Amino acid sequence: MGSEAASPNRLTQADRSALSERRTLEAAVSLMGERGYEKTTLAAIGEAAGYSRGLATHLFGSKPDLFAQVIRWISEKLRREVEPALRDRGGVDALIAFGDAHWRFGDKNPGMTRALYVLWFQSLIADSPMRDAAIEDLLGHRDRIRRILEQGIAAGTVRADADASAEAIQFCGALFGLGLQWLIDPADPRMGGMHQRFKDSLTATLRP
């Protein structure tokens, strides 16, 4: 049938390369969740992906380079969750939609979310490509929020005296801090309520 996936033998070289890269990134996330960053080796990642021990090195060169790509890969998946939620929304409504989209992504992809947080923190102690990727990711979120706030101020949907840059820092600190606590204790029944309090606070402090 035309809807069936092509067999590996019928894939183009580009398709095979994309498939091996995706499987390697997935294996890296899975193994790091089991072993932690330090004990996750390139050889083990290649084997877990179903290829040779040297595949990860061949594709990415080094462990920091591979995990820098993991950060960018997860960040792109998160962006695809967030952007549709922001469509036709502005101001505080867009901020709430942004937060909800992040929450949904974490709920649906706990392994990826845990890996992203681990790599963010790992980048703080590593002068490596991971640090550049983490800074790009985190500052990208902050800049996106700042732009939403600036546009909301101009449109009258955010309080006119709001400091967009300061509010963006506070927004990201609260959102990612809640995400970290959820990862630490996902069974805590209060976490959903805390996310709602976060949204209520945005409404109370930023709506005109």
# chains A, B, ... in the order shown; residues from 1 in each chain; ligands from 1
>>> residues_around(residues="Ala126 in chain A", least_positions_apart="4", cutoff="12 Å", atoms="only C-alpha atoms", output="list in words")
Tyr37, Glu38, Lys63, Pro64, Asp65, Phe67, Ala68, Leu119, Trp120, Phe121, Gln122, Met130, Arg131, Asp132, Ala133 and Ala134 of chain A
>>> residues_around(residues="Arg146 in chain A", least_positions_apart="6", cutoff="6 Å", atoms="only C-alpha atoms", output="list in words")
Ala164, Ser165 and Ala168 of chain A
>>> write_last_selection(atoms="C-alpha atoms", output="PDB file, in the first residue's frame")
ATOM      1  CA  ALA A 164       9.272  43.868  29.177  1.00  0.00           C
ATOM      2  CA  SER A 165      12.865  42.745  29.752  1.00  0.00           C
ATOM      3  CA  ALA A 168      10.575  38.170  30.583  1.00  0.00           C
TER       4      ALA A 168
END
>>> residues_around(residues="Glu81 in chain A", least_positions_apart="5", cutoff="10 Å", atoms="only C-alpha atoms", output="VMD selection string")
chain A and resid 75 to 76 86 98 100 to 102 104 to 105
>>> write_last_selection(atoms="N, CA, C and O atoms", output="mmCIF file, in the first residue's frame")
data_model
loop_
_atom_site.group_PDB
_atom_site.id
_atom_site.type_symbol
_atom_site.label_atom_id
_atom_site.label_comp_id
_atom_site.auth_asym_id
_atom_site.auth_seq_id
_atom_site.Cartn_x
_atom_site.Cartn_y
_atom_site.Cartn_z
ATOM 1 N N SER A 75 14.778 21.403 21.684
ATOM 2 C CA SER A 75 14.284 22.779 21.613
ATOM 3 C C SER A 75 13.414 22.999 20.382
ATOM 4 O O SER A 75 12.386 23.692 20.442
ATOM 5 N N GLU A 76 13.795 22.396 19.265
ATOM 6 C CA GLU A 76 12.993 22.524 18.050
ATOM 7 C C GLU A 76 11.651 21.826 18.203
ATOM 8 O O GLU A 76 10.617 22.338 17.759
ATOM 9 N N LEU A 86 0.530 30.037 19.999
ATOM 10 C CA LEU A 86 0.614 31.495 20.034
ATOM 11 C C LEU A 86 -0.128 32.159 18.886
ATOM 12 O O LEU A 86 -0.357 33.373 18.915
ATOM 13 N N PHE A 98 1.828 30.215 25.985
ATOM 14 C CA PHE A 98 3.225 29.780 25.978
ATOM 15 C C PHE A 98 3.478 28.840 27.158
ATOM 16 O O PHE A 98 4.057 27.754 27.007
ATOM 17 N N ASP A 100 1.273 27.139 28.943
ATOM 18 C CA ASP A 100 0.500 25.902 28.800
ATOM 19 C C ASP A 100 1.161 24.939 27.818
ATOM 20 O O ASP A 100 1.176 23.722 28.034
ATOM 21 N N ALA A 101 1.708 25.484 26.722
ATOM 22 C CA ALA A 101 2.360 24.640 25.722
ATOM 23 C C ALA A 101 3.598 23.972 26.304
ATOM 24 O O ALA A 101 3.866 22.795 26.043
ATOM 25 N N HIS A 102 4.366 24.710 27.090
ATOM 26 C CA HIS A 102 5.520 24.118 27.762
ATOM 27 C C HIS A 102 5.085 23.011 28.702
ATOM 28 O O HIS A 102 5.723 21.945 28.765
ATOM 29 N N ARG A 104 2.373 21.167 28.548
ATOM 30 C CA ARG A 104 1.920 20.007 27.772
ATOM 31 C C ARG A 104 3.102 19.218 27.235
ATOM 32 O O ARG A 104 3.097 17.977 27.252
ATOM 33 N N PHE A 105 4.104 19.931 26.738
ATOM 34 C CA PHE A 105 5.272 19.248 26.183
ATOM 35 C C PHE A 105 5.951 18.394 27.256
ATOM 36 O O PHE A 105 6.311 17.246 27.009
#
>>> closest_residue(among="A:Ala204, A:Ile135, A:Met112, A:Ile184", to="Lys77 in chain A", atoms="only C-alpha atoms")
A:Met112
>>> select_by_dssp(residues="chain A", states="helix (DSSP H, G or I)", output="PyMOL selection string")
chain A and resi 8-10+13-35+42-48+55-60+63-86+91-108+110-124+129-155+164-184+190-206
>>> residues_around(residues="Val118 in chain A", least_positions_apart="5", cutoff="10 Å", atoms="only C-alpha atoms", output="PyMOL selection string")
chain A and resi 32-33+36-37+71+112-113+123+180
>>> closest_residue(among="A:Ala48, A:Thr203, A:Pro110, A:Ser17", to="Pro186 in chain A", atoms="only C-alpha atoms")
A:Pro110
